[in-house]
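Source file model11.cif; content: mmCIF, C-alpha atoms.
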data_query
#
loop_
_atom_site.group_PDB
_atom_site.id
_atom_site.type_symbol
_atom_site.label_atom_id
_atom_site.label_comp_id
_atom_site.auth_asym_id
_atom_site.auth_seq_id
_atom_site.Cartn_x
_atom_site.Cartn_y
_atom_site.Cartn_z
ATOM 1 C CA MET A 1 -3.012 -21.773 -8.011
ATOM 2 C CA ALA A 2 -3.195 -18.373 -9.672
ATOM 3 C CA THR A 3 -5.832 -15.692 -10.012
ATOM 4 C CA SER A 4 -5.570 -12.774 -12.457
ATOM 5 C CA LEU A 5 -7.532 -9.544 -12.224
ATOM 6 C CA SER A 6 -7.629 -7.036 -15.050
ATOM 7 C CA THR A 7 -9.289 -3.671 -14.295
ATOM 8 C CA ALA A 8 -9.613 -0.202 -15.707
ATOM 9 C CA ILE A 9 -11.346 2.748 -14.098
ATOM 10 C CA SER A 10 -12.142 5.039 -16.987
ATOM 11 C CA PRO A 11 -15.866 5.568 -17.761
ATOM 12 C CA ASN A 12 -17.711 2.916 -19.842
ATOM 13 C CA THR A 13 -14.720 0.574 -19.601
ATOM 14 C CA THR A 14 -15.210 -3.170 -19.770
ATOM 15 C CA VAL A 15 -13.561 -4.998 -16.918
ATOM 16 C CA ARG A 16 -12.945 -8.733 -17.348
ATOM 17 C CA PHE A 17 -12.268 -11.068 -14.460
ATOM 18 C CA ASN A 18 -10.583 -14.346 -15.431
ATOM 19 C CA ARG A 19 -10.648 -17.174 -12.958
ATOM 20 C CA LEU A 20 -7.748 -19.558 -13.472
ATOM 21 C CA THR A 21 -7.946 -21.521 -10.281
ATOM 22 C CA ASN A 22 -7.467 -24.994 -11.799
ATOM 23 C CA PRO A 23 -11.158 -25.886 -12.269
ATOM 24 C CA ALA A 24 -12.055 -29.504 -12.033
ATOM 25 C CA PRO A 25 -12.242 -31.343 -15.377
ATOM 26 C CA THR A 26 -15.651 -31.016 -16.998
ATOM 27 C CA ARG A 27 -17.253 -33.866 -18.935
ATOM 28 C CA MET A 28 -17.612 -32.868 -22.574
ATOM 29 C CA LEU A 29 -21.091 -33.084 -23.991
ATOM 30 C CA PRO A 30 -21.626 -34.128 -27.573
ATOM 31 C CA ASN A 31 -20.786 -31.444 -30.189
ATOM 32 C CA GLN A 32 -19.155 -29.152 -27.587
ATOM 33 C CA SER A 33 -15.884 -27.425 -28.391
ATOM 34 C CA PRO A 34 -12.943 -28.089 -26.041
ATOM 35 C CA LEU A 35 -12.694 -24.281 -25.649
ATOM 36 C CA TRP A 36 -16.088 -24.087 -24.031
ATOM 37 C CA ARG A 37 -16.176 -23.001 -20.398
ATOM 38 C CA PRO A 38 -19.084 -22.654 -18.003
ATOM 39 C CA ARG A 39 -20.488 -19.156 -18.216
ATOM 40 C CA HIS A 40 -19.655 -18.229 -14.602
ATOM 41 C CA TRP A 41 -15.925 -18.675 -15.232
ATOM 42 C CA ASN A 42 -15.686 -15.555 -17.424
ATOM 43 C CA LYS A 43 -17.617 -12.547 -16.321
ATOM 44 C CA THR A 44 -17.836 -9.155 -17.955
ATOM 45 C CA LEU A 45 -18.739 -6.114 -15.877
ATOM 46 C CA LYS A 46 -19.679 -2.717 -17.294
ATOM 47 C CA LEU A 47 -18.579 0.265 -15.218
ATOM 48 C CA SER A 48 -20.822 3.267 -15.451
ATOM 49 C CA PRO A 49 -19.177 6.719 -15.529
ATOM 50 C CA ARG A 50 -18.152 7.859 -12.077
ATOM 51 C CA ARG A 51 -19.909 10.934 -10.833
ATOM 52 C CA PRO A 52 -17.528 13.804 -10.328
ATOM 53 C CA SER A 53 -16.646 14.377 -6.702
ATOM 54 C CA HIS A 54 -16.667 17.851 -5.275
ATOM 55 C CA VAL A 55 -13.331 18.689 -3.680
ATOM 56 C CA ILE A 56 -12.932 21.869 -1.725
ATOM 57 C CA ALA A 57 -9.362 23.148 -1.796
ATOM 58 C CA SER A 58 -7.864 26.145 -0.097
ATOM 59 C CA ALA A 59 -6.081 28.096 -2.823
ATOM 60 C CA VAL A 60 -3.111 30.158 -1.732
ATOM 61 C CA SER A 61 -1.653 30.812 -5.180
ATOM 62 C CA GLU A 62 -3.695 32.949 -7.516
ATOM 63 C CA SER A 63 -3.055 33.653 -11.193
ATOM 64 C CA PRO A 64 -4.625 35.980 -12.104
ATOM 65 C CA PRO A 65 -4.745 37.127 -8.481
ATOM 66 C CA SER A 66 -7.372 38.919 -6.455
ATOM 67 C CA VAL A 67 -5.443 42.023 -5.494
ATOM 68 C CA SER A 68 -7.755 44.870 -4.605
ATOM 69 C CA GLU A 69 -7.278 48.473 -5.613
ATOM 70 C CA ASP A 70 -6.864 49.288 -1.917
ATOM 71 C CA THR A 71 -3.900 46.902 -1.769
ATOM 72 C CA LYS A 72 -2.334 48.457 -4.845
ATOM 73 C CA ASN A 73 -2.819 51.926 -3.385
ATOM 74 C CA LEU A 74 -1.216 50.803 -0.123
ATOM 75 C CA LEU A 75 1.773 49.419 -1.988
ATOM 76 C CA ASP A 76 2.232 52.830 -3.577
ATOM 77 C CA THR A 77 3.008 54.202 -0.114
ATOM 78 C CA VAL A 78 5.441 51.431 0.901
ATOM 79 C CA LYS A 79 9.185 52.046 0.818
ATOM 80 C CA VAL A 80 11.882 49.381 0.969
ATOM 81 C CA TYR A 81 15.632 49.849 1.345
ATOM 82 C CA ASP A 82 18.466 48.410 -0.702
ATOM 83 C CA VAL A 83 21.628 47.047 0.926
ATOM 84 C CA ASN A 84 23.189 50.525 0.737
ATOM 85 C CA GLY A 85 20.309 52.085 2.688
ATOM 86 C CA ASN A 86 18.624 53.845 -0.234
ATOM 87 C CA ALA A 87 14.836 54.146 0.089
ATOM 88 C CA ILE A 88 12.821 52.967 -2.941
ATOM 89 C CA PRO A 89 9.031 52.884 -3.415
ATOM 90 C CA ILE A 90 8.298 49.180 -3.645
ATOM 91 C CA SER A 91 6.216 49.524 -6.796
ATOM 92 C CA ASP A 92 9.252 51.040 -8.526
ATOM 93 C CA LEU A 93 10.759 47.554 -8.411
ATOM 94 C CA TRP A 94 8.308 46.499 -11.133
ATOM 95 C CA LYS A 95 7.216 49.822 -12.606
ATOM 96 C CA ASP A 96 9.318 49.454 -15.777
ATOM 97 C CA ARG A 97 9.930 45.701 -15.820
ATOM 98 C CA LYS A 98 8.480 42.381 -14.816
ATOM 99 C CA ALA A 99 9.792 40.968 -11.539
ATOM 100 C CA VAL A 100 9.476 37.880 -9.369
ATOM 101 C CA VAL A 101 9.426 39.270 -5.825
ATOM 102 C CA ALA A 102 9.899 36.852 -2.926
ATOM 103 C CA PHE A 103 9.055 37.895 0.638
ATOM 104 C CA ALA A 104 11.122 36.124 3.311
ATOM 105 C CA ARG A 105 9.901 35.319 6.820
ATOM 106 C CA HIS A 106 13.026 36.995 8.168
ATOM 107 C CA PHE A 107 16.644 37.222 7.075
ATOM 108 C CA GLY A 108 17.890 34.497 9.440
ATOM 109 C CA CYS A 109 15.256 31.919 8.448
ATOM 110 C CA VAL A 110 16.649 28.603 7.198
ATOM 111 C CA LEU A 111 13.579 28.010 5.028
ATOM 112 C CA CYS A 112 13.978 31.437 3.433
ATOM 113 C CA ARG A 113 17.567 30.652 2.532
ATOM 114 C CA LYS A 114 16.398 27.524 0.807
ATOM 115 C CA ARG A 115 13.671 29.510 -0.990
ATOM 116 C CA ALA A 116 16.321 31.968 -2.222
ATOM 117 C CA ASP A 117 18.224 29.096 -3.850
ATOM 118 C CA TYR A 118 14.981 27.548 -5.105
ATOM 119 C CA LEU A 119 14.249 30.700 -7.092
ATOM 120 C CA ALA A 120 17.825 31.538 -8.038
ATOM 121 C CA ALA A 121 18.155 28.113 -9.696
ATOM 122 C CA LYS A 122 15.772 29.418 -12.392
ATOM 123 C CA LYS A 123 17.339 32.857 -12.759
ATOM 124 C CA ASP A 124 18.714 32.016 -16.197
ATOM 125 C CA VAL A 125 15.143 31.407 -17.396
ATOM 126 C CA MET A 126 14.044 34.700 -15.845
ATOM 127 C CA ASP A 127 17.007 36.558 -17.356
ATOM 128 C CA ALA A 128 16.174 35.212 -20.806
ATOM 129 C CA SER A 129 12.684 36.665 -20.441
ATOM 130 C CA GLY A 130 13.873 39.990 -19.034
ATOM 131 C CA VAL A 131 12.434 39.256 -15.587
ATOM 132 C CA ALA A 132 14.149 40.540 -12.437
ATOM 133 C CA LEU A 133 14.516 38.409 -9.307
ATOM 134 C CA VAL A 134 13.999 40.263 -6.018
ATOM 135 C CA LEU A 135 13.928 39.218 -2.369
ATOM 136 C CA ILE A 136 12.477 41.388 0.409
ATOM 137 C CA GLY A 137 12.838 40.650 4.112
ATOM 138 C CA PRO A 138 11.250 42.204 7.188
ATOM 139 C CA GLY A 139 14.183 43.706 9.024
ATOM 140 C CA SER A 140 16.994 46.224 8.907
ATOM 141 C CA VAL A 141 19.315 47.234 6.100
ATOM 142 C CA GLU A 142 22.170 45.611 8.027
ATOM 143 C CA GLN A 143 20.266 42.318 8.150
ATOM 144 C CA ALA A 144 19.569 42.527 4.410
ATOM 145 C CA ARG A 145 23.237 43.177 3.698
ATOM 146 C CA THR A 146 24.343 40.258 5.877
ATOM 147 C CA PHE A 147 21.829 37.951 4.191
ATOM 148 C CA SER A 148 23.080 39.004 0.748
ATOM 149 C CA GLU A 149 26.708 38.417 1.717
ATOM 150 C CA GLN A 150 26.057 35.065 3.379
ATOM 151 C CA THR A 151 23.837 33.535 0.706
ATOM 152 C CA LYS A 152 25.429 35.101 -2.408
ATOM 153 C CA PHE A 153 21.870 35.511 -3.637
ATOM 154 C CA LYS A 154 21.883 36.197 -7.391
ATOM 155 C CA GLY A 155 18.976 38.622 -7.271
ATOM 156 C CA GLU A 156 18.350 41.975 -5.601
ATOM 157 C CA VAL A 157 17.842 42.173 -1.832
ATOM 158 C CA TYR A 158 15.771 44.805 0.014
ATOM 159 C CA ALA A 159 14.735 45.408 3.607
ATOM 160 C CA ASP A 160 11.269 46.338 4.839
ATOM 161 C CA PRO A 161 11.876 47.487 8.444
ATOM 162 C CA ASN A 162 8.225 48.311 9.098
ATOM 163 C CA HIS A 163 6.659 45.172 7.561
ATOM 164 C CA SER A 164 4.554 47.579 5.478
ATOM 165 C CA SER A 165 4.608 45.474 2.312
ATOM 166 C CA TYR A 166 3.630 42.358 4.279
ATOM 167 C CA GLU A 167 0.652 44.155 5.779
ATOM 168 C CA ALA A 168 -0.393 45.636 2.444
ATOM 169 C CA LEU A 169 -0.365 42.192 0.801
ATOM 170 C CA SER A 170 -2.167 40.571 3.772
ATOM 171 C CA PHE A 171 0.528 37.987 4.442
ATOM 172 C CA VAL A 172 -0.322 35.919 7.505
ATOM 173 C CA SER A 173 1.492 35.995 10.809
ATOM 174 C CA GLY A 174 1.221 33.976 13.998
ATOM 175 C CA VAL A 175 2.610 31.160 16.120
ATOM 176 C CA LEU A 176 0.189 28.554 14.742
ATOM 177 C CA VAL A 177 1.291 29.141 11.133
ATOM 178 C CA THR A 178 4.963 29.019 12.103
ATOM 179 C CA PHE A 179 5.175 25.832 14.160
ATOM 180 C CA THR A 180 3.395 23.190 12.102
ATOM 181 C CA PRO A 181 4.300 19.514 11.558
ATOM 182 C CA LYS A 182 4.915 20.146 7.853
ATOM 183 C CA ALA A 183 7.165 23.135 8.584
ATOM 184 C CA GLY A 184 9.114 21.049 11.091
ATOM 185 C CA LEU A 185 9.752 18.341 8.515
ATOM 186 C CA LYS A 186 10.887 20.954 5.990
ATOM 187 C CA ILE A 187 13.335 22.421 8.504
ATOM 188 C CA ILE A 188 14.822 18.966 9.115
ATOM 189 C CA GLN A 189 15.073 18.370 5.375
ATOM 190 C CA SER A 190 16.734 21.768 4.869
ATOM 191 C CA TYR A 191 19.337 21.004 7.530
ATOM 192 C CA MET A 192 20.023 17.635 5.903
ATOM 193 C CA GLU A 193 20.623 19.486 2.632
ATOM 194 C CA GLY A 194 23.169 21.749 4.295
ATOM 195 C CA TYR A 195 21.122 24.885 5.005
ATOM 196 C CA ARG A 196 21.467 26.585 8.364
ATOM 197 C CA GLN A 197 19.518 29.088 10.407
ATOM 198 C CA ASP A 198 21.453 32.244 11.288
ATOM 199 C CA TRP A 199 20.499 32.519 14.943
ATOM 200 C CA LYS A 200 22.204 35.881 15.382
ATOM 201 C CA LEU A 201 20.058 37.437 12.651
ATOM 202 C CA SER A 202 17.028 35.552 13.951
ATOM 203 C CA PHE A 203 17.305 37.143 17.398
ATOM 204 C CA GLU A 204 18.154 40.716 16.444
ATOM 205 C CA ARG A 205 15.748 43.350 17.668
ATOM 206 C CA ASP A 206 13.793 43.800 14.421
ATOM 207 C CA THR A 207 12.961 40.100 14.276
ATOM 208 C CA VAL A 208 12.381 39.582 17.995
ATOM 209 C CA SER A 209 10.024 42.551 18.236
ATOM 210 C CA ARG A 210 7.679 40.771 15.829
ATOM 211 C CA GLY A 211 8.200 37.371 17.412
ATOM 212 C CA GLY A 212 9.558 35.882 14.191
ATOM 213 C CA TRP A 213 6.031 34.712 13.361
ATOM 214 C CA GLN A 214 5.724 36.579 10.059
ATOM 215 C CA GLN A 215 5.063 34.521 6.930
ATOM 216 C CA GLY A 216 5.918 35.674 3.451
ATOM 217 C CA GLY A 217 4.917 34.917 -0.104
ATOM 218 C CA ILE A 218 5.793 35.479 -3.755
ATOM 219 C CA ILE A 219 4.358 37.819 -6.363
ATOM 220 C CA VAL A 220 4.936 38.353 -10.063
ATOM 221 C CA ALA A 221 4.403 41.987 -10.968
ATOM 222 C CA GLY A 222 4.984 44.514 -13.733
ATOM 223 C CA PRO A 223 5.571 46.137 -16.013
ATOM 224 C CA GLY A 224 3.338 48.801 -14.503
ATOM 225 C CA LYS A 225 2.951 49.738 -10.843
ATOM 226 C CA SER A 226 -0.512 48.235 -10.489
ATOM 227 C CA ASN A 227 0.119 45.132 -12.599
ATOM 228 C CA ILE A 228 0.296 42.110 -10.279
ATOM 229 C CA SER A 229 -0.249 38.960 -12.336
ATOM 230 C CA TYR A 230 0.426 36.284 -9.696
ATOM 231 C CA ILE A 231 0.411 36.087 -5.917
ATOM 232 C CA HIS A 232 1.195 33.281 -3.503
ATOM 233 C CA ARG A 233 0.557 33.850 0.199
ATOM 234 C CA ASP A 234 2.354 31.318 2.388
ATOM 235 C CA LYS A 235 -0.143 29.579 4.624
ATOM 236 C CA GLU A 236 2.642 28.283 6.874
ATOM 237 C CA ALA A 237 6.432 28.387 7.184
ATOM 238 C CA GLY A 238 8.176 26.874 4.167
ATOM 239 C CA ASP A 239 5.070 26.875 1.972
ATOM 240 C CA ASP A 240 6.836 27.143 -1.396
ATOM 241 C CA PRO A 241 4.657 27.218 -4.519
ATOM 242 C CA ASP A 242 5.427 25.059 -7.542
ATOM 243 C CA ILE A 243 8.291 26.676 -9.454
ATOM 244 C CA GLN A 244 6.548 25.909 -12.741
ATOM 245 C CA ASP A 245 3.581 28.041 -11.679
ATOM 246 C CA ILE A 246 5.940 30.949 -11.057
ATOM 247 C CA LEU A 247 7.719 30.498 -14.379
ATOM 248 C CA LYS A 248 4.405 30.262 -16.207
ATOM 249 C CA ALA A 249 3.329 33.562 -14.659
ATOM 250 C CA CYS A 250 6.589 35.388 -15.319
ATOM 251 C CA CYS A 251 8.159 33.883 -18.379
ATOM 252 C CA SER A 252 5.559 32.299 -20.652
#
Encoded form using structure tokens:
Amino acid sequence: MATSLSTAISPNTTVRFNRLTNPAPTRMLPNQSPLWRPRHWNKTLKLSPRRPSHVIASAVSESPPSVSEDTKNLLDTVKVYDVNGNAIPISDLWKDRKAVVAFARHFGCVLCRKRADYLAAKKDVMDASGVALVLIGPGSVEQARTFSEQTKFKGEVYADPNHSSYEALSFVSGVLVTFTPKAGLKIIQSYMEGYRQDWKLSFERDTVSRGGWQQGGIIVAGPGKSNISYIHRDKEAGDDPDIQDILKACCS
């Protein structure tokens, strides 16, 4: 016994149901073709177009982004520090060039180390388009230097000891956005892939004083101090955006 079902779900599509369940022999009437079948054995159903459903999604990546003038003015006052301790206005990082700027949760974070590799894997594409790759972490210059040495990150690394850039860009912070089921699964996956948390960096004073609850994000900015063409605000730990969205914003 066999039953076949052929369906399609596009609008105005004909769907045919064929019943092949070994029907009992039917007596042929005079002048009837042997191909004749009772009408109920082959049915044709017309599907009317499906009404569009309304889906409400929470967007965390924006291109073009909604970055207010107040935010841009705040960023003008923010200074970050390179691994040698030199202070640099953050907007100078993209004043004369385009840059992909990633903001880490903290320099010891296992998920941030994976994010660094996630972005660095596309650095050749960024280089070909003249786009700089930058990572900023909330912490000390010493932490930034240690992170750079440990990870061999291919881009530039800066420290933001006061979290000023995170506050200016309204990145979220809190226990509930740090310990989530999805974040937990991503941590397990990261460990299985060979990444490790640096617990010493994770429990240094700069991180502990903020609880380690800070979340980060990614922006594409420049050239021009007020030119921010893409922003992704992590809604929880390990919330990486699609790399193709980043490349489209920076390199297309």
* To do: Just give me the residues with any atom within 8 Å of (11.8, 41.2, 0.3), file coordinates, counting only C-alpha atoms, written as JSON, numbers by chain.
  => {"A": [101, 102, 103, 104, 134, 135, 136, 137, 138, 157, 158, 159, 160]}
* To do: To one decimal in Å, tell me the separation between atom CA of Thr146 of chain A and atom CA of Gly212 of chain A.
  => 17.5 Å
* Asked: Contacts of Asn86 of chain A at 10 Å or less, counting all atoms listed in the file, minus same-chain residues fewer than 4 places along, as a ChimeraX atom specification?
  -> /A:79-82,141,158
* Atomic distance atom CA of Trp199 of chain A - atom CA of Ile231 of chain A, expressed in Å with one decimal ->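 That distance, rounded to one decimal, is 29.2 Å.
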* Which residue of A:Lys235, A:Ala116, A:Val110, A:Asn227 approaches Lys186 of chain A most closely, using only C-alpha atoms ->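 For Lys186 of chain A, the nearest of the given residues is A:Val110.
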* Asked: In Å, how far is it from atom CA of Leu75 of chain A to atom CA of Ser165 of chain A?
  ->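 Separation of atom CA of Leu75 of chain A and atom CA of Ser165 of chain A: 6.5 Å.
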* To do: Run through the PyMOL selection byres ((chain A and resi 68) around 12) on the given coordinates and return the selected residues as an NGL selection string.
  => :A and (65-67 or 69-75 or 168-170 or 226-228)
* **Contacts of Ala128 of chain A at 12 Å (all atoms listed in the file; same-chain gap of 5+ positions) as number ranges by chain** => A: 122-123, 247, 250-252
Please report, as JSON, the centre and edge lengths in Å to one decimal of an axis-aligned box covering all listed atoms of segment 237-243 of chain A with 8 Å per side.
{"center_x": 6.5, "center_y": 26.7, "center_z": -1.1, "size_x": 19.6, "size_y": 19.3, "size_z": 32.6}
* To do: Identify all residues satisfying the PyMOL selection byres ((chain A and resi 220) around 8) in the given file; provide them as a PyMOL selection string.
  => chain A and resi 98-101+218-219+221-222+228-231+246+249-250
